[in-house]
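Asks: Sharing upload_25.cif (mmCIF, C-alpha atoms and all ligand atoms) below.
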data_entry
loop_
_atom_site.group_PDB
_atom_site.id
_atom_site.type_symbol
_atom_site.label_atom_id
_atom_site.label_comp_id
_atom_site.auth_asym_id
_atom_site.auth_seq_id
_atom_site.Cartn_x
_atom_site.Cartn_y
_atom_site.Cartn_z
ATOM 1 C CA MET A 13 37.674 44.619 40.667
ATOM 2 C CA THR A 14 37.225 46.958 43.653
ATOM 3 C CA ASP A 15 34.779 49.804 43.167
ATOM 4 C CA LEU A 16 36.924 52.925 43.586
ATOM 5 C CA LYS A 17 35.588 56.328 44.611
ATOM 6 C CA ILE A 18 39.008 57.973 44.199
ATOM 7 C CA LYS A 19 41.844 56.629 42.042
ATOM 8 C CA VAL A 20 45.186 58.466 41.921
ATOM 9 C CA ARG A 21 47.948 57.436 39.533
ATOM 10 C CA GLY A 22 51.484 58.769 39.058
ATOM 11 C CA LEU A 23 50.689 62.095 40.730
ATOM 12 C CA LYS A 24 53.607 64.541 40.747
ATOM 13 C CA LYS A 25 53.910 68.031 42.182
ATOM 14 C CA ALA A 26 57.029 70.123 42.751
ATOM 15 C CA PHE A 27 57.392 73.561 44.305
ATOM 16 C CA GLY A 28 60.519 75.045 42.745
ATOM 17 C CA ALA A 29 63.294 72.487 43.105
ATOM 18 C CA LYS A 30 61.380 70.588 45.774
ATOM 19 C CA GLN A 31 59.650 67.455 44.442
ATOM 20 C CA VAL A 32 56.874 67.023 47.028
ATOM 21 C CA LEU A 33 54.765 64.354 45.272
ATOM 22 C CA ASN A 34 56.799 62.014 43.126
ATOM 23 C CA GLY A 35 54.419 59.476 41.594
ATOM 24 C CA VAL A 36 51.615 58.909 44.112
ATOM 25 C CA ASP A 37 49.322 55.923 43.438
ATOM 26 C CA LEU A 38 46.321 55.669 45.743
ATOM 27 C CA ASP A 39 43.012 53.756 45.703
ATOM 28 C CA VAL A 40 40.127 54.814 47.933
ATOM 29 C CA PRO A 41 37.307 52.218 47.763
ATOM 30 C CA ARG A 42 33.732 53.541 47.679
ATOM 31 C CA GLY A 43 32.063 53.825 51.093
ATOM 32 C CA GLN A 44 35.260 53.052 52.978
ATOM 33 C CA SER A 45 37.547 55.097 55.202
ATOM 34 C CA LEU A 46 41.214 55.441 54.243
ATOM 35 C CA VAL A 47 43.747 57.182 56.476
ATOM 36 C CA ILE A 48 47.070 58.493 55.164
ATOM 37 C CA ILE A 49 49.975 58.584 57.599
ATOM 38 C CA GLY A 50 53.416 60.066 57.109
ATOM 39 C CA GLY A 51 55.873 62.473 58.688
ATOM 40 C CA SER A 52 55.593 66.255 58.734
ATOM 41 C CA GLY A 53 56.196 67.859 55.369
ATOM 42 C CA THR A 54 55.846 64.622 53.379
ATOM 43 C CA GLY A 55 53.084 66.041 51.185
ATOM 44 C CA LYS A 56 49.895 64.722 52.792
ATOM 45 C CA SER A 57 48.147 68.101 52.634
ATOM 46 C CA VAL A 58 49.436 68.759 49.097
ATOM 47 C CA LEU A 59 47.960 65.398 48.011
ATOM 48 C CA ILE A 60 44.565 66.197 49.547
ATOM 49 C CA LYS A 61 44.626 69.687 47.991
ATOM 50 C CA CYS A 62 45.333 68.160 44.569
ATOM 51 C CA ILE A 63 42.305 65.852 44.982
ATOM 52 C CA LEU A 64 40.174 68.806 46.131
ATOM 53 C CA GLY A 65 41.306 70.790 43.069
ATOM 54 C CA LEU A 66 42.981 73.506 45.146
ATOM 55 C CA ILE A 67 46.449 72.681 43.745
ATOM 56 C CA GLU A 68 47.062 71.730 40.100
ATOM 57 C CA PRO A 69 49.459 68.758 39.903
ATOM 58 C CA ASP A 70 52.354 68.804 37.388
ATOM 59 C CA SER A 71 51.389 65.393 36.009
ATOM 60 C CA GLY A 72 49.446 62.260 36.795
ATOM 61 C CA SER A 73 45.800 61.337 37.051
ATOM 62 C CA ILE A 74 43.026 61.719 39.645
ATOM 63 C CA GLU A 75 39.712 59.990 38.945
ATOM 64 C CA ILE A 76 36.628 60.634 41.052
ATOM 65 C CA ASP A 77 33.818 58.151 40.310
ATOM 66 C CA GLY A 78 35.805 57.139 37.233
ATOM 67 C CA GLN A 79 35.965 60.723 35.909
ATOM 68 C CA GLU A 80 39.343 62.366 35.278
ATOM 69 C CA VAL A 81 39.510 65.659 37.197
ATOM 70 C CA VAL A 82 43.076 66.813 36.440
ATOM 71 C CA GLY A 83 42.837 69.634 33.915
ATOM 72 C CA MET A 84 39.055 69.820 34.198
ATOM 73 C CA LYS A 85 37.319 73.156 33.437
ATOM 74 C CA THR A 86 36.246 75.227 36.473
ATOM 75 C CA SER A 87 32.518 74.825 35.756
ATOM 76 C CA GLN A 88 32.781 71.010 35.660
ATOM 77 C CA ARG A 89 34.996 71.116 38.740
ATOM 78 C CA GLU A 90 32.240 72.817 40.681
ATOM 79 C CA ASP A 91 29.959 69.801 40.128
ATOM 80 C CA ILE A 92 32.673 67.503 41.480
ATOM 81 C CA MET A 93 33.313 69.822 44.458
ATOM 82 C CA ARG A 94 29.667 69.434 45.470
ATOM 83 C CA LYS A 95 30.446 65.822 46.317
ATOM 84 C CA PHE A 96 33.014 66.930 48.916
ATOM 85 C CA GLY A 97 32.857 67.799 52.593
ATOM 86 C CA MET A 98 35.922 68.889 54.510
ATOM 87 C CA LEU A 99 36.940 69.096 58.139
ATOM 88 C CA PHE A 100 39.974 71.361 58.278
ATOM 89 C CA GLN A 101 42.781 71.191 60.799
ATOM 90 C CA GLY A 102 41.963 73.884 63.387
ATOM 91 C CA SER A 103 38.257 73.699 62.444
ATOM 92 C CA ALA A 104 38.373 76.931 60.329
ATOM 93 C CA LEU A 105 35.031 78.292 61.522
ATOM 94 C CA PHE A 106 33.894 81.806 60.589
ATOM 95 C CA ASP A 107 34.292 83.879 63.800
ATOM 96 C CA SER A 108 31.722 86.469 62.785
ATOM 97 C CA LEU A 109 28.900 83.962 62.209
ATOM 98 C CA PRO A 110 26.885 82.144 64.875
ATOM 99 C CA VAL A 111 27.419 78.389 65.078
ATOM 100 C CA TRP A 112 24.214 77.455 63.224
ATOM 101 C CA GLU A 113 25.170 79.723 60.316
ATOM 102 C CA ASN A 114 28.636 78.166 60.165
ATOM 103 C CA VAL A 115 26.986 74.756 59.828
ATOM 104 C CA ALA A 116 24.416 76.061 57.327
ATOM 105 C CA PHE A 117 26.952 78.035 55.247
ATOM 106 C CA GLY A 118 27.343 75.498 52.440
ATOM 107 C CA LEU A 119 23.582 74.952 52.252
ATOM 108 C CA ILE A 120 22.785 78.684 51.956
ATOM 109 C CA SER A 121 25.684 79.902 49.806
ATOM 110 C CA GLY A 122 26.481 76.706 47.884
ATOM 111 C CA ARG A 123 23.042 75.101 47.463
ATOM 112 C CA GLY A 124 20.853 78.215 47.592
ATOM 113 C CA MET A 125 18.688 76.840 50.423
ATOM 114 C CA ASP A 126 16.496 79.390 52.242
ATOM 115 C CA ARG A 127 17.774 80.419 55.684
ATOM 116 C CA LYS A 128 14.926 78.860 57.663
ATOM 117 C CA SER A 129 15.255 75.405 56.055
ATOM 118 C CA ALA A 130 19.049 75.613 56.306
ATOM 119 C CA LYS A 131 18.797 76.441 60.013
ATOM 120 C CA ASP A 132 16.534 73.405 60.564
ATOM 121 C CA VAL A 133 19.122 71.163 58.845
ATOM 122 C CA ALA A 134 21.973 72.806 60.811
ATOM 123 C CA LEU A 135 20.231 72.171 64.148
ATOM 124 C CA ARG A 136 19.648 68.523 63.186
ATOM 125 C CA LYS A 137 23.320 68.113 62.253
ATOM 126 C CA LEU A 138 24.389 69.800 65.515
ATOM 127 C CA ALA A 139 22.165 67.324 67.395
ATOM 128 C CA ALA A 140 23.860 64.462 65.481
ATOM 129 C CA VAL A 141 27.214 65.551 66.958
ATOM 130 C CA GLY A 142 25.734 65.949 70.452
ATOM 131 C CA LEU A 143 25.204 69.726 70.537
ATOM 132 C CA GLY A 144 21.903 71.321 71.579
ATOM 133 C CA ALA A 145 20.018 74.080 69.760
ATOM 134 C CA GLU A 146 21.278 76.661 72.291
ATOM 135 C CA VAL A 147 24.847 76.080 71.007
ATOM 136 C CA GLY A 148 23.647 77.101 67.553
ATOM 137 C CA GLU A 149 23.176 80.682 68.761
ATOM 138 C CA LEU A 150 26.701 80.984 70.222
ATOM 139 C CA PHE A 151 29.773 82.256 68.357
ATOM 140 C CA PRO A 152 32.827 80.015 67.716
ATOM 141 C CA ALA A 153 34.989 82.007 70.192
ATOM 142 C CA GLU A 154 32.584 80.993 72.971
ATOM 143 C CA LEU A 155 33.244 77.254 72.390
ATOM 144 C CA SER A 156 35.980 74.902 73.611
ATOM 145 C CA GLY A 157 38.296 73.287 71.038
ATOM 146 C CA GLY A 158 36.363 70.008 71.295
ATOM 147 C CA MET A 159 33.040 71.758 70.683
ATOM 148 C CA GLN A 160 34.548 73.637 67.725
ATOM 149 C CA LYS A 161 35.588 70.296 66.200
ATOM 150 C CA ARG A 162 32.034 68.997 66.637
ATOM 151 C CA VAL A 163 30.687 72.113 64.913
ATOM 152 C CA ALA A 164 33.229 71.652 62.106
ATOM 153 C CA LEU A 165 32.108 68.018 61.764
ATOM 154 C CA ALA A 166 28.444 69.108 61.666
ATOM 155 C CA ARG A 167 29.376 71.596 58.926
ATOM 156 C CA ALA A 168 31.270 68.928 56.961
ATOM 157 C CA ILE A 169 28.256 66.577 56.971
ATOM 158 C CA ALA A 170 25.570 69.275 56.517
ATOM 159 C CA VAL A 171 25.676 69.102 52.721
ATOM 160 C CA GLU A 172 25.522 65.277 52.897
ATOM 161 C CA PRO A 173 28.723 64.861 50.886
ATOM 162 C CA GLU A 174 29.725 61.677 49.107
ATOM 163 C CA ILE A 175 33.377 62.140 50.111
ATOM 164 C CA ILE A 176 34.598 63.699 53.363
ATOM 165 C CA PHE A 177 38.192 64.809 53.940
ATOM 166 C CA PHE A 178 39.499 64.968 57.497
ATOM 167 C CA ASP A 179 42.742 66.877 58.039
ATOM 168 C CA GLU A 180 44.203 66.024 61.455
ATOM 169 C CA PRO A 181 40.748 65.749 63.053
ATOM 170 C CA THR A 182 42.009 65.154 66.609
ATOM 171 C CA THR A 183 44.978 67.542 66.745
ATOM 172 C CA GLY A 184 44.952 69.688 69.873
ATOM 173 C CA LEU A 185 42.306 67.644 71.696
ATOM 174 C CA ASP A 186 42.728 65.727 74.945
ATOM 175 C CA PRO A 187 42.641 61.910 74.516
ATOM 176 C CA ILE A 188 39.045 61.570 75.717
ATOM 177 C CA MET A 189 37.691 64.336 73.476
ATOM 178 C CA ALA A 190 39.781 62.906 70.624
ATOM 179 C CA GLN A 191 38.039 59.552 71.078
ATOM 180 C CA VAL A 192 34.623 61.272 71.184
ATOM 181 C CA ILE A 193 35.441 62.966 67.851
ATOM 182 C CA ASN A 194 36.725 59.687 66.371
ATOM 183 C CA GLU A 195 33.485 57.929 67.304
ATOM 184 C CA LEU A 196 31.396 60.777 65.889
ATOM 185 C CA ILE A 197 33.387 60.639 62.650
ATOM 186 C CA VAL A 198 32.696 56.908 62.299
ATOM 187 C CA LYS A 199 28.998 57.386 63.124
ATOM 188 C CA CYS A 200 28.536 60.330 60.732
ATOM 189 C CA VAL A 201 30.484 58.763 57.842
ATOM 190 C CA ARG A 202 28.559 55.474 58.180
ATOM 191 C CA SER A 203 25.157 57.117 58.428
ATOM 192 C CA LEU A 204 25.864 59.051 55.206
ATOM 193 C CA GLY A 205 27.381 56.009 53.484
ATOM 194 C CA ALA A 206 30.205 58.386 52.564
ATOM 195 C CA THR A 207 33.776 57.684 51.501
ATOM 196 C CA ALA A 208 36.336 59.190 53.901
ATOM 197 C CA LEU A 209 39.932 60.232 53.270
ATOM 198 C CA SER A 210 41.864 61.434 56.294
ATOM 199 C CA ILE A 211 45.312 62.593 57.316
ATOM 200 C CA THR A 212 46.476 61.960 60.842
ATOM 201 C CA HIS A 213 49.547 61.571 63.024
ATOM 202 C CA ASP A 214 47.354 60.073 65.729
ATOM 203 C CA MET A 215 47.578 56.285 65.756
ATOM 204 C CA HIS A 216 44.555 55.998 68.106
ATOM 205 C CA SER A 217 42.560 57.960 65.572
ATOM 206 C CA LEU A 218 43.757 55.720 62.730
ATOM 207 C CA ARG A 219 42.713 52.595 64.632
ATOM 208 C CA ALA A 220 39.320 54.122 65.427
ATOM 209 C CA ILE A 221 38.322 55.528 62.040
ATOM 210 C CA ALA A 222 40.215 53.664 59.297
ATOM 211 C CA ASP A 223 39.243 50.640 57.200
ATOM 212 C CA HIS A 224 42.445 51.067 55.173
ATOM 213 C CA ALA A 225 45.733 52.857 55.779
ATOM 214 C CA ALA A 226 48.465 54.138 53.489
ATOM 215 C CA MET A 227 51.858 55.602 54.269
ATOM 216 C CA ILE A 228 53.463 58.395 52.240
ATOM 217 C CA TYR A 229 57.240 58.815 52.231
ATOM 218 C CA GLU A 230 59.533 60.701 49.878
ATOM 219 C CA GLY A 231 56.643 61.625 47.603
ATOM 220 C CA ARG A 232 55.215 58.122 47.124
ATOM 221 C CA ILE A 233 52.808 55.755 48.837
ATOM 222 C CA ILE A 234 55.266 53.184 50.134
ATOM 223 C CA TRP A 235 52.750 50.940 51.897
ATOM 224 C CA SER A 236 48.998 50.445 51.932
ATOM 225 C CA GLY A 237 46.823 47.805 53.488
ATOM 226 C CA ASP A 238 44.064 46.908 55.883
ATOM 227 C CA ALA A 239 44.069 49.303 58.868
ATOM 228 C CA LYS A 240 44.207 46.297 61.205
ATOM 229 C CA SER A 241 47.522 45.228 59.661
ATOM 230 C CA VAL A 242 49.257 48.557 60.374
ATOM 231 C CA ASP A 243 50.839 47.151 63.567
ATOM 232 C CA HIS A 244 52.357 44.171 61.736
ATOM 233 C CA SER A 245 52.912 45.607 58.277
ATOM 234 C CA GLY A 246 56.345 44.051 57.778
ATOM 235 C CA ASN A 247 57.428 47.445 56.403
ATOM 236 C CA ALA A 248 60.314 49.032 58.329
ATOM 237 C CA HIS A 249 59.165 52.602 57.562
ATOM 238 C CA VAL A 250 55.607 51.944 58.753
ATOM 239 C CA GLU A 251 56.850 50.157 61.885
ATOM 240 C CA GLN A 252 59.133 53.060 62.770
ATOM 241 C CA PHE A 253 56.309 55.579 62.284
ATOM 242 C CA VAL A 254 53.680 53.568 64.171
ATOM 243 C CA GLN A 255 56.024 52.918 67.075
ATOM 244 C CA GLY A 256 57.303 56.510 67.041
ATOM 245 C CA ARG A 257 60.973 55.505 67.060
ATOM 246 C CA ALA A 258 63.704 58.055 66.290
ATOM 247 C CA GLU A 259 65.925 55.300 64.837
ATOM 248 C CA GLY A 260 65.060 53.578 61.597
ATOM 249 C CA PRO A 261 64.992 54.070 57.845
ATOM 250 C CA ILE A 262 63.015 57.351 58.027
ATOM 251 C CA ARG A 263 65.453 60.221 57.989
ATOM 252 C CA MET A 264 64.225 63.438 59.578
ATOM 253 C CA PRO A 265 65.877 66.566 58.193
ATOM 254 C CA VAL A 266 67.416 68.035 61.358
ATOM 255 C CA ARG A 267 69.517 71.168 61.015
ATOM 256 C CA PRO A 268 72.640 71.348 63.206
ATOM 257 C CA LEU A 269 72.376 73.954 65.989
HETATM 258 N N1 LIG B 301 51.910 76.358 48.111
HETATM 259 C C1 LIG B 301 53.123 75.902 48.410
HETATM 260 N N2 LIG B 301 54.220 76.516 47.948
HETATM 261 C C2 LIG B 301 55.453 76.038 48.213
HETATM 262 N N3 LIG B 301 55.702 74.934 48.946
HETATM 263 C C3 LIG B 301 54.654 74.284 49.443
HETATM 264 C C4 LIG B 301 53.304 74.715 49.199
HETATM 265 N N4 LIG B 301 52.461 73.852 49.817
HETATM 266 C C5 LIG B 301 53.249 72.920 50.415
HETATM 267 N N5 LIG B 301 54.549 73.175 50.183
HETATM 268 C C6 LIG B 301 55.679 72.359 50.658
HETATM 269 O O1 LIG B 301 55.387 71.006 50.390
HETATM 270 C C7 LIG B 301 55.884 70.177 51.433
HETATM 271 C C8 LIG B 301 54.791 69.270 51.915
HETATM 272 O O2 LIG B 301 53.815 70.038 52.613
HETATM 273 P P1 LIG B 301 52.490 69.426 53.221
HETATM 274 O O3 LIG B 301 51.764 70.567 53.868
HETATM 275 O O4 LIG B 301 51.754 68.644 52.213
HETATM 276 O O5 LIG B 301 53.063 68.449 54.337
HETATM 277 P P2 LIG B 301 52.272 67.495 55.325
HETATM 278 O O6 LIG B 301 52.713 66.103 55.047
HETATM 279 O O7 LIG B 301 50.808 67.759 55.252
HETATM 280 O O8 LIG B 301 52.881 67.973 56.717
HETATM 281 P P3 LIG B 301 52.246 68.124 58.186
HETATM 282 O O9 LIG B 301 51.989 66.754 58.674
HETATM 283 O O10 LIG B 301 53.349 68.795 58.957
HETATM 284 O O11 LIG B 301 50.999 68.982 58.062
HETATM 285 C C9 LIG B 301 56.454 71.107 52.491
HETATM 286 O O12 LIG B 301 57.851 71.152 52.342
HETATM 287 C C10 LIG B 301 55.836 72.437 52.168
HETATM 288 O O13 LIG B 301 56.686 73.478 52.548
#
Mind turning the file's structure into structure tokens?

Replies:
Amino acid sequence: MTDLKIKVRGLKKAFGAKQVLNGVDLDVPRGQSLVIIGGSGTGKSVLIKCILGLIEPDSGSIEIDGQEVVGMKTSQREDIMRKFGMLFQGSALFDSLPVWENVAFGLISGRGMDRKSAKDVALRKLAAVGLGAEVGELFPAELSGGMQKRVALARAIAVEPEIIFFDEPTTGLDPIMAQVINELIVKCVRSLGATALSITHDMHSLRAIADHAAMIYEGRIIWSGDAKSVDHSGNAHVEQFVQGRAEGPIRMPVRPL
């Protein structure tokens, strides 16, 4: 039996009449990188937020390290949350804090580390993503989008999480910077021995960072497999998505003009 870090079964979530997740089953093996693909509005972010505990699902099960987390008390939840690191779409840095303090934030406020030790860790993590100590003194507004992503990656790995979530890690970057970020993600995840769960629309990113891939459509995982098999999945929905074709079984809700 595969050793699973995250196991999702029958997960459902509706907002009003809209059934966003309709029985999601997902296995994320320990120490591996799984990328979820799927069209806009198919529930990828809602799924991740359910796993993070930010949205309470209507029904279904989410196990982390074999422990059921749906319906868990807040205090127990906090212990589980300590296992997580997150790289948000758009980086989500604090504008009013210098870069080093952004990276050190979880260490100081979450782990109670003293500022000097936290700064030392932050500068080491910045170096791991190719940024010098001088960048640590700058503010996020002074950085390019690519540098902001590196800072966000340094922040995600600073607490040495067991599981890292990447939400559209390459959105808004040029192809070369996107590849730099992809390679840093692989390097950082491997060096931590972490499990990674990502969302992306970027097929280059999927090929670079994923061991496994899964596709979500109409509230369910309709295909999952080895990332290398994504180009010859034999699944018409996956093929349409990967090839970016307008025609196929995936229906996009387009309003008439
Ligand atoms: N808090 C909320 N309240 C109401 N509806 C929501 C809420 N969060 C998400 N939704 C709805 O759930 C659906 C799925 O949203 P979600 O953000 O998960 O999509 P996504 O697959 O991540 O899309 P994208 O790739 O465009 O980011 C959308 O129709 C969205 O409007």

Asks: Pick out the residues sitting within 9 Å of A:Ala225, and hand them over as a PyMOL selection string; count only C-alpha atoms, and ignore anything fewer than 2 positions along from it in its own chain.

Replies: chain A and resi 45-49+218+222-223+227+235-242

Asks: Which residue, A:Ile92, A:Val20, A:Val111, A:Ile228, has the smallest gap to ligand LIG 301 (chain B) when you use all atoms listed in the file?

Replies: A:Ile228

Asks: Could you tell me, counting only C-alpha atoms and all ligand atoms, which protein and nucleic acid residues lie no more than 7 Å from ligand LIG 301 (chain B), written as a PDB file with C-alpha atoms, in the frame of the given file?

Replies:
ATOM      1  CA  PHE A  27      57.392  73.561  44.305  1.00  0.00           C
ATOM      2  CA  VAL A  32      56.874  67.023  47.028  1.00  0.00           C
ATOM      3  CA  GLY A  50      53.416  60.066  57.109  1.00  0.00           C
ATOM      4  CA  GLY A  51      55.873  62.473  58.688  1.00  0.00           C
ATOM      5  CA  SER A  52      55.593  66.255  58.734  1.00  0.00           C
ATOM      6  CA  GLY A  53      56.196  67.859  55.369  1.00  0.00           C
ATOM      7  CA  THR A  54      55.846  64.622  53.379  1.00  0.00           C
ATOM      8  CA  GLY A  55      53.084  66.041  51.185  1.00  0.00           C
ATOM      9  CA  LYS A  56      49.895  64.722  52.792  1.00  0.00           C
ATOM     10  CA  SER A  57      48.147  68.101  52.634  1.00  0.00           C
ATOM     11  CA  VAL A  58      49.436  68.759  49.097  1.00  0.00           C
ATOM     12  CA  LEU A  59      47.960  65.398  48.011  1.00  0.00           C
TER      13      LEU A  59
END

Asks: So, with only C-alpha atoms as the atoms that count, which of A:Glu146, A:Glu154, A:Asp70, A:Glu174 lies closest to A:Gly43?

Replies: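 Going through A:Glu146, A:Glu154, A:Asp70, A:Glu174 one by one, the smallest distance to A:Gly43 is for A:Glu174.
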
Asks: A:Pro261: which residues within 12 Å, counting all atoms listed in the file, same-chain residues fewer than 4 positions away excluded, as a PyMOL selection string?

Replies: chain A and resi 229-230+247-253+257

Asks: Pick from A:Thr182, A:Ala26, A:Gly102, A:Met93: nearest to A:Glu68, with all atoms listed in the file counted?

Replies: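 Ranking A:Thr182, A:Ala26, A:Gly102, A:Met93 by distance to A:Glu68, first place goes to A:Ala26.
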
Asks: Would you mind telling me which residue in A:Met264, A:Leu99, A:Val141, A:Leu64 lies nearest to A:Asp179 when using only C-alpha atoms?

Replies: A:Leu99

Asks: Can you spell out as a ChimeraX atom specification the set of residues that the PyMOL selection byres (((chain A and resi 143-145) around 10) and not hetatm) selects in the structure I just provided?

Replies: /A:111-112,132,134-142,146-150,159,162-163,166

Asks: Using all atoms listed in the file for the distances, tell me which of A:Gly97, A:Gly260, A:Asn34, A:Gly65 is nearest to A:Lys85.

Replies: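 Counting all atoms listed in the file, the residue closest to A:Lys85 is A:Gly65.
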
Asks: Given the PyMOL selection byres (((chain A and resi 161) around 10) and not hetatm) and the file above, list the residues it selects as a list in words.

Replies: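 Applying the expression gives Leu99, Phe100, Gln101, Gly102, Ser103, Ala104, Leu105, Val141, Leu155, Ser156, Gly157, Gly158, Met159, Gln160, Arg162, Val163, Ala164, Leu165, Ala166, Arg167, Pro181, Thr182, Thr183, Leu185, Met189, Ala190 and Ile193 of chain A.
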
Asks: Please, which residues are within 12 Å of (36.5, 59.4, 34.8) by the file's coordinates, counting only C-alpha atoms, and could they come as a list of chain:residue names?

Replies: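 I get A:Leu16, A:Lys17, A:Ile18, A:Lys19, A:Val20, A:Ser73, A:Ile74, A:Glu75, A:Ile76, A:Asp77, A:Gly78, A:Gln79, A:Glu80, A:Val81, A:Val82, A:Met84, A:Ile92 for the residues within 12 Å of that point.
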
Asks: Please produce a file of the residues just selected, as an mmCIF file, in the frame of the given file, where the atoms kept are C-alpha atoms.

Replies:
data_model
loop_
_atom_site.group_PDB
_atom_site.id
_atom_site.type_symbol
_atom_site.label_atom_id
_atom_site.label_comp_id
_atom_site.auth_asym_id
_atom_site.auth_seq_id
_atom_site.Cartn_x
_atom_site.Cartn_y
_atom_site.Cartn_z
ATOM 1 C CA LEU A 16 36.924 52.925 43.586
ATOM 2 C CA LYS A 17 35.588 56.328 44.611
ATOM 3 C CA ILE A 18 39.008 57.973 44.199
ATOM 4 C CA LYS A 19 41.844 56.629 42.042
ATOM 5 C CA VAL A 20 45.186 58.466 41.921
ATOM 6 C CA SER A 73 45.800 61.337 37.051
ATOM 7 C CA ILE A 74 43.026 61.719 39.645
ATOM 8 C CA GLU A 75 39.712 59.990 38.945
ATOM 9 C CA ILE A 76 36.628 60.634 41.052
ATOM 10 C CA ASP A 77 33.818 58.151 40.310
ATOM 11 C CA GLY A 78 35.805 57.139 37.233
ATOM 12 C CA GLN A 79 35.965 60.723 35.909
ATOM 13 C CA GLU A 80 39.343 62.366 35.278
ATOM 14 C CA VAL A 81 39.510 65.659 37.197
ATOM 15 C CA VAL A 82 43.076 66.813 36.440
ATOM 16 C CA MET A 84 39.055 69.820 34.198
ATOM 17 C CA ILE A 92 32.673 67.503 41.480
#

Asks: What does the distance from atom CA of A:Ser217 to atom CA of A:Pro173 come to in Å, to one decimal?

Replies: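 One can read the atom CA of A:Ser217 to atom CA of A:Pro173 distance as 21.3 Å.
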
Asks: Could you check how far atom CA of A:Met215 sits from atom CA of A:Leu196, in Å to one decimal?

Replies: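 Distance reported for this atom pair: 16.8 Å.
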